[in-house]
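Participant: File upload37.pdb follows (PDB, C-alpha atoms and all ligand atoms):
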ATOM      1  CA  MET A   1    -108.293 -97.463 143.317
ATOM      2  CA  LYS A   2    -106.033 -97.881 140.285
ATOM      3  CA  LEU A   3    -106.208-100.310 137.375
ATOM      4  CA  VAL A   4    -103.024-101.234 135.534
ATOM      5  CA  CYS A   5    -103.817-101.360 131.823
ATOM      6  CA  ARG A   6    -100.445-102.498 130.417
ATOM      7  CA  ASP A   7     -98.526 -99.261 129.750
ATOM      8  CA  LYS A   8    -101.291 -97.047 131.166
ATOM      9  CA  VAL A   9    -102.658 -96.598 134.683
ATOM     10  CA  LEU A  10    -106.315 -95.763 135.192
ATOM     11  CA  ASP A  11    -106.868 -93.700 138.329
ATOM     12  CA  LEU A  12    -110.374 -94.240 139.714
ATOM     13  CA  SER A  13    -110.126 -91.919 142.709
ATOM     14  CA  ALA A  14    -112.713 -89.849 140.795
ATOM     15  CA  PRO A  15    -115.299 -91.225 138.341
ATOM     16  CA  VAL A  16    -114.157 -91.516 134.711
ATOM     17  CA  VAL A  17    -115.950 -91.787 131.397
ATOM     18  CA  MET A  18    -115.769 -94.693 128.949
ATOM     19  CA  GLY A  19    -116.755 -93.677 125.415
ATOM     20  CA  VAL A  20    -118.646 -96.185 123.274
ATOM     21  CA  LEU A  21    -117.127 -96.920 119.870
ATOM     22  CA  ASN A  22    -119.330 -99.314 117.925
ATOM     23  CA  VAL A  23    -117.702-100.856 114.885
ATOM     24  CA  THR A  24    -120.772-102.684 113.622
ATOM     25  CA  PRO A  25    -122.529-102.329 110.268
ATOM     26  CA  ASP A  26    -125.564-100.678 111.905
ATOM     27  CA  SER A  27    -123.374 -97.802 113.094
ATOM     28  CA  PHE A  28    -121.405 -97.363 109.837
ATOM     29  CA  SER A  29    -123.706 -98.156 106.955
ATOM     30  CA  ASP A  30    -121.855 -96.646 104.003
ATOM     31  CA  GLY A  31    -120.598-100.065 102.929
ATOM     32  CA  GLY A  32    -116.903 -99.281 102.408
ATOM     33  CA  ARG A  33    -114.686-100.680 105.128
ATOM     34  CA  VAL A  34    -111.697 -98.316 104.829
ATOM     35  CA  ILE A  35    -113.917 -95.359 105.577
ATOM     36  CA  ASP A  36    -115.412 -97.321 108.513
ATOM     37  CA  VAL A  37    -111.992 -97.590 110.148
ATOM     38  CA  VAL A  38    -111.142 -93.975 109.358
ATOM     39  CA  SER A  39    -114.388 -92.629 110.815
ATOM     40  CA  ALA A  40    -114.109 -94.854 113.883
ATOM     41  CA  ILE A  41    -110.585 -93.590 114.566
ATOM     42  CA  SER A  42    -111.725 -90.014 114.052
ATOM     43  CA  ARG A  43    -114.603 -90.507 116.499
ATOM     44  CA  ALA A  44    -112.143 -92.002 119.013
ATOM     45  CA  ARG A  45    -109.875 -88.945 118.719
ATOM     46  CA  ASP A  46    -112.859 -86.709 119.386
ATOM     47  CA  MET A  47    -113.862 -88.727 122.452
ATOM     48  CA  ALA A  48    -110.295 -88.590 123.803
ATOM     49  CA  ALA A  49    -110.270 -84.803 123.338
ATOM     50  CA  GLU A  50    -113.635 -84.603 125.101
ATOM     51  CA  GLY A  51    -112.145 -86.230 128.173
ATOM     52  CA  ALA A  52    -112.847 -89.951 127.849
ATOM     53  CA  ALA A  53    -110.446 -92.008 129.958
ATOM     54  CA  ILE A  54    -111.393 -95.254 128.207
ATOM     55  CA  ILE A  55    -112.641 -96.015 124.703
ATOM     56  CA  ASP A  56    -114.666 -99.213 124.424
ATOM     57  CA  VAL A  57    -114.384-100.797 120.981
ATOM     58  CA  GLY A  58    -117.126-103.288 120.141
ATOM     59  CA  GLY A  59    -117.668-105.301 116.966
ATOM     60  CA  GLU A  60    -120.597-107.442 118.076
ATOM     61  CA  SER A  61    -123.975-105.824 118.631
ATOM     62  CA  THR A  62    -125.337-106.971 121.986
ATOM     63  CA  ARG A  63    -128.540-104.991 121.681
ATOM     64  CA  PRO A  64    -131.721-106.920 122.518
ATOM     65  CA  GLY A  65    -132.529-109.271 119.637
ATOM     66  CA  ALA A  66    -129.153-108.840 117.900
ATOM     67  CA  GLN A  67    -127.674-111.794 116.010
ATOM     68  CA  PRO A  68    -124.273-113.159 117.049
ATOM     69  CA  VAL A  69    -121.282-112.420 114.793
ATOM     70  CA  GLY A  70    -118.448-114.821 113.857
ATOM     71  CA  THR A  71    -114.959-114.590 115.329
ATOM     72  CA  GLU A  72    -113.274-113.706 112.013
ATOM     73  CA  GLU A  73    -115.756-110.961 111.223
ATOM     74  CA  GLU A  74    -115.548-109.503 114.733
ATOM     75  CA  MET A  75    -111.741-109.354 114.500
ATOM     76  CA  ARG A  76    -111.921-107.821 111.020
ATOM     77  CA  ARG A  77    -114.052-105.042 112.522
ATOM     78  CA  VAL A  78    -112.225-104.253 115.759
ATOM     79  CA  LEU A  79    -108.517-104.979 115.213
ATOM     80  CA  PRO A  80    -107.738-102.197 112.693
ATOM     81  CA  VAL A  81    -109.527 -99.695 114.915
ATOM     82  CA  ILE A  82    -107.730-100.820 118.075
ATOM     83  CA  GLU A  83    -104.375-100.621 116.286
ATOM     84  CA  GLY A  84    -105.283 -97.184 114.959
ATOM     85  CA  ILE A  85    -106.125 -95.726 118.382
ATOM     86  CA  ALA A  86    -103.652 -97.569 120.641
ATOM     87  CA  ASP A  87    -101.431 -94.484 120.801
ATOM     88  CA  LEU A  88    -104.134 -92.105 122.006
ATOM     89  CA  PRO A  89    -103.789 -91.033 125.657
ATOM     90  CA  VAL A  90    -106.702 -93.263 126.696
ATOM     91  CA  VAL A  91    -107.126 -96.880 127.681
ATOM     92  CA  VAL A  92    -108.572 -98.930 124.840
ATOM     93  CA  SER A  93    -111.057-101.535 125.989
ATOM     94  CA  VAL A  94    -112.399-104.351 123.821
ATOM     95  CA  ASP A  95    -116.079-105.232 124.201
ATOM     96  CA  THR A  96    -116.115-108.959 123.445
ATOM     97  CA  ARG A  97    -117.047-112.319 124.853
ATOM     98  CA  LYS A  98    -114.764-114.338 122.558
ATOM     99  CA  PRO A  99    -111.384-115.579 123.879
ATOM    100  CA  GLU A 100    -109.729-115.349 120.436
ATOM    101  CA  VAL A 101    -110.839-111.734 120.069
ATOM    102  CA  MET A 102    -109.583-110.917 123.576
ATOM    103  CA  ARG A 103    -106.110-112.259 122.766
ATOM    104  CA  ALA A 104    -105.868-110.584 119.359
ATOM    105  CA  ALA A 105    -107.233-107.280 120.688
ATOM    106  CA  CYS A 106    -104.713-107.189 123.528
ATOM    107  CA  LYS A 107    -101.887-107.893 121.050
ATOM    108  CA  ALA A 108    -103.220-105.018 118.923
ATOM    109  CA  GLY A 109    -103.060-102.624 121.884
ATOM    110  CA  ALA A 110    -106.186-103.078 124.019
ATOM    111  CA  GLY A 111    -105.521-102.437 127.709
ATOM    112  CA  MET A 112    -108.799-103.710 129.115
ATOM    113  CA  ILE A 113    -111.416-106.397 128.420
ATOM    114  CA  ASN A 114    -115.112-105.580 128.727
ATOM    115  CA  ASP A 115    -117.128-108.798 128.645
ATOM    116  CA  VAL A 116    -120.922-108.617 128.851
ATOM    117  CA  PHE A 117    -120.834-112.421 129.315
ATOM    118  CA  ALA A 118    -118.540-112.128 132.371
ATOM    119  CA  LEU A 119    -115.956-114.636 131.036
ATOM    120  CA  ARG A 120    -118.481-117.522 130.955
ATOM    121  CA  ALA A 121    -117.599-118.503 127.351
ATOM    122  CA  PRO A 122    -115.361-121.595 127.137
ATOM    123  CA  GLY A 123    -111.711-120.493 127.348
ATOM    124  CA  ALA A 124    -112.532-116.870 128.207
ATOM    125  CA  LEU A 125    -111.252-116.976 131.800
ATOM    126  CA  ARG A 126    -107.898-118.316 130.649
ATOM    127  CA  ALA A 127    -107.621-115.905 127.735
ATOM    128  CA  ALA A 128    -108.360-112.909 129.955
ATOM    129  CA  ALA A 129    -105.879-114.085 132.601
ATOM    130  CA  GLU A 130    -103.166-114.457 129.960
ATOM    131  CA  CYS A 131    -103.883-111.004 128.528
ATOM    132  CA  ALA A 132    -103.010-109.595 131.984
ATOM    133  CA  VAL A 133    -105.272-106.557 131.622
ATOM    134  CA  PRO A 134    -108.202-105.413 133.796
ATOM    135  CA  VAL A 135    -111.539-107.089 133.041
ATOM    136  CA  CYS A 136    -115.084-105.838 133.431
ATOM    137  CA  LEU A 137    -117.491-108.603 134.485
ATOM    138  CA  MET A 138    -121.108-107.763 133.621
ATOM    139  CA  HIS A 139    -124.346-109.358 134.754
ATOM    140  CA  MET A 140    -126.760-110.586 132.092
ATOM    141  CA  GLN A 141    -129.780-112.831 132.513
ATOM    142  CA  GLY A 142    -130.195-115.053 129.428
ATOM    143  CA  GLU A 143    -128.745-114.339 125.985
ATOM    144  CA  PRO A 144    -129.018-111.153 123.888
ATOM    145  CA  GLN A 145    -131.441-112.766 121.381
ATOM    146  CA  THR A 146    -134.024-113.576 124.057
ATOM    147  CA  MET A 147    -133.026-111.790 127.268
ATOM    148  CA  GLN A 148    -135.794-109.163 127.131
ATOM    149  CA  ASN A 149    -138.608-111.689 126.566
ATOM    150  CA  ALA A 150    -139.526-112.268 130.219
ATOM    151  CA  PRO A 151    -136.796-111.262 132.650
ATOM    152  CA  GLU A 152    -137.561-112.592 136.131
ATOM    153  CA  TYR A 153    -135.993-112.168 139.552
ATOM    154  CA  GLY A 154    -136.948-112.607 143.192
ATOM    155  CA  ASP A 155    -134.619-109.818 144.338
ATOM    156  CA  VAL A 156    -132.784-108.354 141.363
ATOM    157  CA  VAL A 157    -130.273-106.388 143.450
ATOM    158  CA  GLY A 158    -129.288-109.403 145.564
ATOM    159  CA  GLU A 159    -129.182-111.772 142.603
ATOM    160  CA  VAL A 160    -126.996-109.466 140.520
ATOM    161  CA  ARG A 161    -124.656-108.954 143.476
ATOM    162  CA  ASP A 162    -124.403-112.712 144.129
ATOM    163  CA  PHE A 163    -123.803-113.457 140.432
ATOM    164  CA  LEU A 164    -120.994-110.886 140.291
ATOM    165  CA  ALA A 165    -119.482-112.248 143.518
ATOM    166  CA  GLY A 166    -119.395-115.704 141.881
ATOM    167  CA  ARG A 167    -117.780-114.380 138.704
ATOM    168  CA  ILE A 168    -115.163-112.482 140.743
ATOM    169  CA  ASP A 169    -114.318-115.769 142.495
ATOM    170  CA  ALA A 170    -114.094-117.592 139.146
ATOM    171  CA  ALA A 171    -111.830-114.887 137.718
ATOM    172  CA  VAL A 172    -109.566-114.885 140.775
ATOM    173  CA  ASP A 173    -109.379-118.715 140.636
ATOM    174  CA  ALA A 174    -108.292-118.380 136.992
ATOM    175  CA  GLY A 175    -105.398-116.157 138.034
ATOM    176  CA  ILE A 176    -106.836-112.700 137.389
ATOM    177  CA  PRO A 177    -105.758-110.412 140.233
ATOM    178  CA  ARG A 178    -108.759-109.210 142.250
ATOM    179  CA  THR A 179    -107.371-105.685 141.959
ATOM    180  CA  GLN A 180    -107.801-105.862 138.156
ATOM    181  CA  ILE A 181    -111.532-106.704 138.258
ATOM    182  CA  VAL A 182    -114.367-104.249 137.580
ATOM    183  CA  ILE A 183    -118.057-105.175 138.017
ATOM    184  CA  ASP A 184    -121.178-104.056 136.175
ATOM    185  CA  PRO A 185    -124.877-104.739 136.948
ATOM    186  CA  GLY A 186    -125.652-104.805 133.212
ATOM    187  CA  PHE A 187    -128.454-102.309 132.727
ATOM    188  CA  GLY A 188    -130.885-103.561 130.099
ATOM    189  CA  PHE A 189    -129.405-107.055 129.874
ATOM    190  CA  GLY A 190    -132.309-109.330 130.812
ATOM    191  CA  LYS A 191    -134.066-106.720 132.935
ATOM    192  CA  SER A 192    -137.442-104.987 132.923
ATOM    193  CA  LEU A 193    -137.726-101.244 133.529
ATOM    194  CA  GLU A 194    -138.522-101.940 137.176
ATOM    195  CA  HIS A 195    -135.475-104.214 137.547
ATOM    196  CA  ASN A 196    -133.243-101.510 136.053
ATOM    197  CA  LEU A 197    -134.706 -98.882 138.383
ATOM    198  CA  GLN A 198    -134.245-101.107 141.428
ATOM    199  CA  LEU A 199    -130.600-101.604 140.448
ATOM    200  CA  LEU A 200    -129.974 -97.910 139.879
ATOM    201  CA  ALA A 201    -131.690 -96.929 143.115
ATOM    202  CA  ASN A 202    -129.571 -99.419 145.086
ATOM    203  CA  LEU A 203    -126.272 -99.339 143.242
ATOM    204  CA  GLY A 204    -124.500 -98.868 146.570
ATOM    205  CA  SER A 205    -125.266-102.538 147.348
ATOM    206  CA  LEU A 206    -122.493-103.483 144.920
ATOM    207  CA  SER A 207    -119.950-101.681 147.109
ATOM    208  CA  ALA A 208    -120.039-104.795 149.320
ATOM    209  CA  LEU A 209    -117.973-106.528 146.611
ATOM    210  CA  ALA A 210    -115.190-103.957 147.048
ATOM    211  CA  ARG A 211    -114.501-103.586 143.317
ATOM    212  CA  PRO A 212    -114.953-100.547 141.042
ATOM    213  CA  VAL A 213    -118.406-100.394 139.459
ATOM    214  CA  LEU A 214    -118.992 -99.637 135.774
ATOM    215  CA  VAL A 215    -122.443 -98.641 134.521
ATOM    216  CA  GLY A 216    -123.765 -98.299 130.997
ATOM    217  CA  ILE A 217    -127.150 -96.621 130.744
ATOM    218  CA  SER A 218    -126.563 -94.146 127.908
ATOM    219  CA  ARG A 219    -129.369 -94.144 125.284
ATOM    220  CA  LYS A 220    -130.809 -97.432 126.525
ATOM    221  CA  ALA A 221    -134.467 -98.423 126.287
ATOM    222  CA  MET A 222    -134.990 -97.905 130.042
ATOM    223  CA  LEU A 223    -134.536 -94.157 129.440
ATOM    224  CA  GLY A 224    -136.982 -94.275 126.556
ATOM    225  CA  ALA A 225    -139.478 -96.011 128.831
ATOM    226  CA  ILE A 226    -139.023 -93.483 131.651
ATOM    227  CA  LEU A 227    -139.700 -90.712 129.101
ATOM    228  CA  SER A 228    -142.829 -92.437 127.708
ATOM    229  CA  ASN A 229    -141.167 -93.864 124.598
ATOM    230  CA  ALA A 230    -138.602 -91.197 123.728
ATOM    231  CA  PRO A 231    -136.441 -92.237 120.755
ATOM    232  CA  ALA A 232    -132.682 -92.809 121.299
ATOM    233  CA  GLU A 233    -131.764 -89.292 120.093
ATOM    234  CA  ARG A 234    -134.005 -87.749 122.807
ATOM    235  CA  ARG A 235    -132.446 -89.649 125.723
ATOM    236  CA  LEU A 236    -129.368 -87.504 126.454
ATOM    237  CA  GLU A 237    -130.647 -85.597 129.492
ATOM    238  CA  ALA A 238    -132.179 -88.700 131.068
ATOM    239  CA  GLY A 239    -128.896 -90.510 130.504
ATOM    240  CA  LEU A 240    -126.961 -87.720 132.205
ATOM    241  CA  ALA A 241    -129.330 -87.799 135.188
ATOM    242  CA  ALA A 242    -128.846 -91.571 135.455
ATOM    243  CA  ALA A 243    -125.056 -91.245 135.138
ATOM    244  CA  CYS A 244    -125.042 -88.659 137.934
ATOM    245  CA  LEU A 245    -127.171 -90.872 140.190
ATOM    246  CA  ALA A 246    -124.775 -93.746 139.551
ATOM    247  CA  ALA A 247    -121.671 -91.633 140.173
ATOM    248  CA  TRP A 248    -123.191 -90.252 143.371
ATOM    249  CA  GLN A 249    -123.655 -93.832 144.596
ATOM    250  CA  GLY A 250    -120.035 -94.639 143.912
ATOM    251  CA  ALA A 251    -119.871 -95.820 140.291
ATOM    252  CA  SER A 252    -116.300 -95.382 139.012
ATOM    253  CA  ILE A 253    -116.738 -95.777 135.246
ATOM    254  CA  LEU A 254    -119.626 -94.332 133.238
ATOM    255  CA  ARG A 255    -120.022 -95.927 129.808
ATOM    256  CA  THR A 256    -121.620 -93.499 127.367
ATOM    257  CA  HIS A 257    -122.108 -92.412 123.763
ATOM    258  CA  ASP A 258    -122.123 -88.756 124.919
ATOM    259  CA  VAL A 259    -118.638 -88.216 126.275
ATOM    260  CA  ARG A 260    -118.378 -84.423 126.565
ATOM    261  CA  GLN A 261    -121.698 -84.031 128.370
ATOM    262  CA  THR A 262    -121.063 -86.978 130.684
ATOM    263  CA  VAL A 263    -117.575 -85.722 131.585
ATOM    264  CA  ASP A 264    -119.058 -82.368 132.670
ATOM    265  CA  ALA A 265    -121.871 -84.068 134.581
ATOM    266  CA  VAL A 266    -119.663 -86.447 136.554
ATOM    267  CA  ARG A 267    -117.060 -83.753 137.248
ATOM    268  CA  THR A 268    -119.867 -81.861 138.918
ATOM    269  CA  VAL A 269    -120.875 -84.901 140.949
ATOM    270  CA  ALA A 270    -117.252 -85.500 141.986
ATOM    271  CA  SER A 271    -116.803 -81.872 143.058
ATOM    272  CA  VAL A 272    -119.832 -82.061 145.343
ATOM    273  CA  GLY A 273    -118.940 -85.574 146.484
ATOM    274  CA  LYS A 274    -115.689 -84.402 148.042
ATOM    275  CA  TYR A 275    -117.690 -82.495 150.661
ATOM    276  CA  ARG A 276    -119.935 -85.386 151.601
ATOM    277  CA  ARG A 277    -119.872 -86.306 155.310
ATOM    278  CA  HIS A 278    -119.657 -90.056 155.918
TER     279      HIS A 278
HETATM  280  C1  LIG B   1    -123.051-102.129 129.568
HETATM  281  O1  LIG B   1    -124.064-101.703 130.113
HETATM  282  N1  LIG B   1    -123.830-102.210 127.148
HETATM  283  S1  LIG B   1    -123.842-102.708 124.464
HETATM  284  C2  LIG B   1    -129.272-100.593 123.451
HETATM  285  C3  LIG B   1    -129.482 -99.246 123.244
HETATM  286  C4  LIG B   1    -128.463 -98.341 123.470
HETATM  287  C5  LIG B   1    -127.242 -98.805 123.902
HETATM  288  C6  LIG B   1    -130.801 -97.751 121.975
HETATM  289  N2  LIG B   1    -121.946-103.063 126.350
HETATM  290  C7  LIG B   1    -122.952-102.378 128.182
HETATM  291  O2  LIG B   1    -124.810 -99.893 124.809
HETATM  292  N3  LIG B   1    -120.712-103.171 128.437
HETATM  293  C8  LIG B   1    -123.186-102.647 126.069
HETATM  294  O3  LIG B   1    -130.725 -98.847 122.837
HETATM  295  C9  LIG B   1    -121.784-102.890 127.679
HETATM  296  N4  LIG B   1    -121.951-102.436 130.307
HETATM  297  C10 LIG B   1    -120.812-102.942 129.761
HETATM  298  N5  LIG B   1    -119.784-103.211 130.551
HETATM  299  C11 LIG B   1    -125.518-102.129 124.642
HETATM  300  C12 LIG B   1    -125.698-100.659 124.536
HETATM  301  C13 LIG B   1    -127.023-100.166 124.086
HETATM  302  C14 LIG B   1    -128.052-101.043 123.867
END
Show me this structure written as structure tokens.

Facilitator:
Amino acid sequence: MKLVCRDKVLDLSAPVVMGVLNVTPDSFSDGGRVIDVVSAISRARDMAAEGAAIIDVGGESTRPGAQPVGTEEEMRRVLPVIEGIADLPVVVSVDTRKPEVMRAACKAGAGMINDVFALRAPGALRAAAECAVPVCLMHMQGEPQTMQNAPEYGDVVGEVRDFLAGRIDAAVDAGIPRTQIVIDPGFGFGKSLEHNLQLLANLGSLSALARPVLVGISRKAMLGAILSNAPAERRLEAGLAAACLAAWQGASILRTHDVRQTVDAVRTVASVGKYRRH
């Protein structure tokens, strides 16, 4: 499968890595904004050299409990960075749920939209369709501020699959080509540890939707919980194991903070995968 990201084509015949580039005050706390942009661009260059195929630029923290950010502020954070990295040999994706940010980011050089709200915000479907770039539709139960309070499902795997099927239909109805849609079960977004584990163990169920699957597990709380409360900086190996399990079950895009390590891990999975008998 191939995604057409404006001037770049993303070949998903083997799994690829999406590097996380947060442009939020909690990730750059030195106060000065020029240095923020400079260090973000420098980090992006490093990730490209480490083998990232996509760099995901996000200006709104969607971590559990995070406060929403205004449109102007989000643009002020992401646009200079997107402009500064548009020429790198990677696809630049914008992690946003706001239609105005989608439009401005695509003008600035973004070649993909990554929306944790799956284009449910008013005007988002139309904005994404007009940007004419691939979109990632992610499942989330609830809202970031409250989603981890009491996540509840009958059958999490079936419900996530049905939600994504509905959002694919909505996107296609809005004029987004089906071939430009990526789906994501949304690890950690309104899910308990057990829900996340059920999703990871049965990721193959999403293949029924016939779209590339993106997963983001890197450094998330589910890894901390598996490791009996390991802090974020101790979650690398668990994250690599999870990325490999996802890739083995057919995930096409692995979203991670640890690009070099994840590239090596999924290359290994892909090498073995070629010899799998079906
Ligand atoms: C995702 O899964 N996640 S932002 C809490 C953490 C660590 C990391 C330390 N955007 C996804 O990365 N987009 C985010 O605890 C995403 N899929 C897609 N498509 C959350 C994040 C994180 C949260």

Participant: Mind giving me the straight-line distance from atom CA of Arg120 of chain A to atom N1 of ligand LIG 1 (chain B) in Å, one decimal?

Facilitator: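 Separating atom CA of Arg120 of chain A from atom N1 of ligand LIG 1 (chain B) is a distance of 16.7 Å.
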
Participant: Can you pull out every residue within 10 Å of Met222 of chain A, counting all atoms listed in the file, but drop anything in the same chain fewer than 3 positions away, and send it as a list of chain:residue names?

Facilitator: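 Residues near the query, excluding close chain neighbours: A:Phe187, A:Gly188, A:Lys191, A:Ser192, A:Leu193, A:Glu194, A:His195, A:Asn196, A:Leu197, A:Ile217, A:Ser218, A:Arg219, A:Ala225, A:Ile226, A:Leu227, A:Ser228, A:Asn229, A:Ala230, A:Arg235, A:Ala238, A:Gly239.
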
Participant: Please write the residues picked by the PyMOL selection byres (((chain A and resi 91) around 12) and not hetatm) on this file as number ranges by chain.

Facilitator: A: 3-11, 16-19, 44, 47-48, 51-57, 82, 85-90, 92-94, 106, 109-114, 133-134

Participant: With C-alpha atoms retained, export the selected residues as a PDB file, in the coordinates of the input.

Facilitator:
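The new file part-v1.pdb reads:
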ATOM      1  CA  LEU A   3    -106.208-100.310 137.375  1.00  0.00           C
ATOM      2  CA  VAL A   4    -103.024-101.234 135.534  1.00  0.00           C
ATOM      3  CA  CYS A   5    -103.817-101.360 131.823  1.00  0.00           C
ATOM      4  CA  ARG A   6    -100.445-102.498 130.417  1.00  0.00           C
ATOM      5  CA  ASP A   7     -98.526 -99.261 129.750  1.00  0.00           C
ATOM      6  CA  LYS A   8    -101.291 -97.047 131.166  1.00  0.00           C
ATOM      7  CA  VAL A   9    -102.658 -96.598 134.683  1.00  0.00           C
ATOM      8  CA  LEU A  10    -106.315 -95.763 135.192  1.00  0.00           C
ATOM      9  CA  ASP A  11    -106.868 -93.700 138.329  1.00  0.00           C
ATOM     10  CA  VAL A  16    -114.157 -91.516 134.711  1.00  0.00           C
ATOM     11  CA  VAL A  17    -115.950 -91.787 131.397  1.00  0.00           C
ATOM     12  CA  MET A  18    -115.769 -94.693 128.949  1.00  0.00           C
ATOM     13  CA  GLY A  19    -116.755 -93.677 125.415  1.00  0.00           C
ATOM     14  CA  ALA A  44    -112.143 -92.002 119.013  1.00  0.00           C
ATOM     15  CA  MET A  47    -113.862 -88.727 122.452  1.00  0.00           C
ATOM     16  CA  ALA A  48    -110.295 -88.590 123.803  1.00  0.00           C
ATOM     17  CA  GLY A  51    -112.145 -86.230 128.173  1.00  0.00           C
ATOM     18  CA  ALA A  52    -112.847 -89.951 127.849  1.00  0.00           C
ATOM     19  CA  ALA A  53    -110.446 -92.008 129.958  1.00  0.00           C
ATOM     20  CA  ILE A  54    -111.393 -95.254 128.207  1.00  0.00           C
ATOM     21  CA  ILE A  55    -112.641 -96.015 124.703  1.00  0.00           C
ATOM     22  CA  ASP A  56    -114.666 -99.213 124.424  1.00  0.00           C
ATOM     23  CA  VAL A  57    -114.384-100.797 120.981  1.00  0.00           C
ATOM     24  CA  ILE A  82    -107.730-100.820 118.075  1.00  0.00           C
ATOM     25  CA  ILE A  85    -106.125 -95.726 118.382  1.00  0.00           C
ATOM     26  CA  ALA A  86    -103.652 -97.569 120.641  1.00  0.00           C
ATOM     27  CA  ASP A  87    -101.431 -94.484 120.801  1.00  0.00           C
ATOM     28  CA  LEU A  88    -104.134 -92.105 122.006  1.00  0.00           C
ATOM     29  CA  PRO A  89    -103.789 -91.033 125.657  1.00  0.00           C
ATOM     30  CA  VAL A  90    -106.702 -93.263 126.696  1.00  0.00           C
ATOM     31  CA  VAL A  92    -108.572 -98.930 124.840  1.00  0.00           C
ATOM     32  CA  SER A  93    -111.057-101.535 125.989  1.00  0.00           C
ATOM     33  CA  VAL A  94    -112.399-104.351 123.821  1.00  0.00           C
ATOM     34  CA  CYS A 106    -104.713-107.189 123.528  1.00  0.00           C
ATOM     35  CA  GLY A 109    -103.060-102.624 121.884  1.00  0.00           C
ATOM     36  CA  ALA A 110    -106.186-103.078 124.019  1.00  0.00           C
ATOM     37  CA  GLY A 111    -105.521-102.437 127.709  1.00  0.00           C
ATOM     38  CA  MET A 112    -108.799-103.710 129.115  1.00  0.00           C
ATOM     39  CA  ILE A 113    -111.416-106.397 128.420  1.00  0.00           C
ATOM     40  CA  ASN A 114    -115.112-105.580 128.727  1.00  0.00           C
ATOM     41  CA  VAL A 133    -105.272-106.557 131.622  1.00  0.00           C
ATOM     42  CA  PRO A 134    -108.202-105.413 133.796  1.00  0.00           C
TER      43      PRO A 134
END

Participant: Assuming 4 Å of padding per side, give the centre and edge lengths of the axis-aligned box around every listed atom of ligand LIG 1 (chain B), in Å to one decimal and as lines of an AutoDock Vina configuration file.

Facilitator:
center_x = -125.3
center_y = -100.5
center_z = 126.3
size_x = 19.0
size_y = 13.5
size_z = 16.6

Participant: Pick the closest to ligand LIG 1 (chain B) from A:Ala128, A:Met138, A:Val259, A:Val266: which is it, counting all atoms listed in the file?

Facilitator: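 With all atoms listed in the file as the atom set, the closest residue is A:Met138.
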
Participant: 9 Å from ligand LIG 1 (chain B) is the threshold here; counting all atoms listed in the file, which polymer residues fall inside it? Answer as a PyMOL selection string.

Facilitator: chain A and resi 20+22+56+58+60-64+95-96+114-116+136-139+182-189+214-224+231-233+254-257

Participant: Can you write just those residues out, C-alpha atoms, as a compact mmCIF listing (two decimals), in the coordinates of the input?

Facilitator:
# COMPACT_ATOMS: atom_id res chain seq x y z
CA VAL A 20 -118.65 -96.18 123.27
CA ASN A 22 -119.33 -99.31 117.92
CA ASP A 56 -114.67 -99.21 124.42
CA GLY A 58 -117.13 -103.29 120.14
CA GLU A 60 -120.60 -107.44 118.08
CA SER A 61 -123.98 -105.82 118.63
CA THR A 62 -125.34 -106.97 121.99
CA ARG A 63 -128.54 -104.99 121.68
CA PRO A 64 -131.72 -106.92 122.52
CA ASP A 95 -116.08 -105.23 124.20
CA THR A 96 -116.12 -108.96 123.44
CA ASN A 114 -115.11 -105.58 128.73
CA ASP A 115 -117.13 -108.80 128.65
CA VAL A 116 -120.92 -108.62 128.85
CA CYS A 136 -115.08 -105.84 133.43
CA LEU A 137 -117.49 -108.60 134.49
CA MET A 138 -121.11 -107.76 133.62
CA HIS A 139 -124.35 -109.36 134.75
CA VAL A 182 -114.37 -104.25 137.58
CA ILE A 183 -118.06 -105.18 138.02
CA ASP A 184 -121.18 -104.06 136.18
CA PRO A 185 -124.88 -104.74 136.95
CA GLY A 186 -125.65 -104.80 133.21
CA PHE A 187 -128.45 -102.31 132.73
CA GLY A 188 -130.88 -103.56 130.10
CA PHE A 189 -129.40 -107.06 129.87
CA LEU A 214 -118.99 -99.64 135.77
CA VAL A 215 -122.44 -98.64 134.52
CA GLY A 216 -123.76 -98.30 131.00
CA ILE A 217 -127.15 -96.62 130.74
CA SER A 218 -126.56 -94.15 127.91
CA ARG A 219 -129.37 -94.14 125.28
CA LYS A 220 -130.81 -97.43 126.52
CA ALA A 221 -134.47 -98.42 126.29
CA MET A 222 -134.99 -97.90 130.04
CA LEU A 223 -134.54 -94.16 129.44
CA GLY A 224 -136.98 -94.28 126.56
CA PRO A 231 -136.44 -92.24 120.76
CA ALA A 232 -132.68 -92.81 121.30
CA GLU A 233 -131.76 -89.29 120.09
CA LEU A 254 -119.63 -94.33 133.24
CA ARG A 255 -120.02 -95.93 129.81
CA THR A 256 -121.62 -93.50 127.37
CA HIS A 257 -122.11 -92.41 123.76

Participant: I'd like the neighbourhood of Leu79 of chain A as a list in words, where a residue qualifies if any of its atoms comes within 8 Å (using only C-alpha atoms), though same-chain residues fewer than 6 positions away should be ignored.

Facilitator: Ala104, Ala105 and Ala108 of chain A

Participant: Find the distance between atom CA of Ala129 of chain A and atom CA of Leu164 of chain A and write it in Å to one decimal.

Facilitator: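 These atoms are spaced 17.3 Å apart.
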
Participant: Would you mind exporting segment 178-188 of chain A with C-alpha atoms, as a short mmCIF file (atom, residue, chain, number, x, y, z; two decimals), in the first residue's frame?

Facilitator:
data_model
loop_
_atom_site.label_atom_id
_atom_site.label_comp_id
_atom_site.auth_asym_id
_atom_site.auth_seq_id
_atom_site.Cartn_x
_atom_site.Cartn_y
_atom_site.Cartn_z
CA ARG A 178 -10.35 5.58 1.05
CA THR A 179 -6.81 4.89 -0.15
CA GLN A 180 -5.58 7.94 1.80
CA ILE A 181 -6.97 6.79 5.17
CA VAL A 182 -4.92 5.26 8.00
CA ILE A 183 -6.51 3.88 11.20
CA ASP A 184 -5.28 3.76 14.78
CA PRO A 185 -6.78 2.00 17.85
CA GLY A 186 -5.52 4.82 20.09
CA PHE A 187 -3.51 3.12 22.80
CA GLY A 188 -4.02 4.89 26.12
#
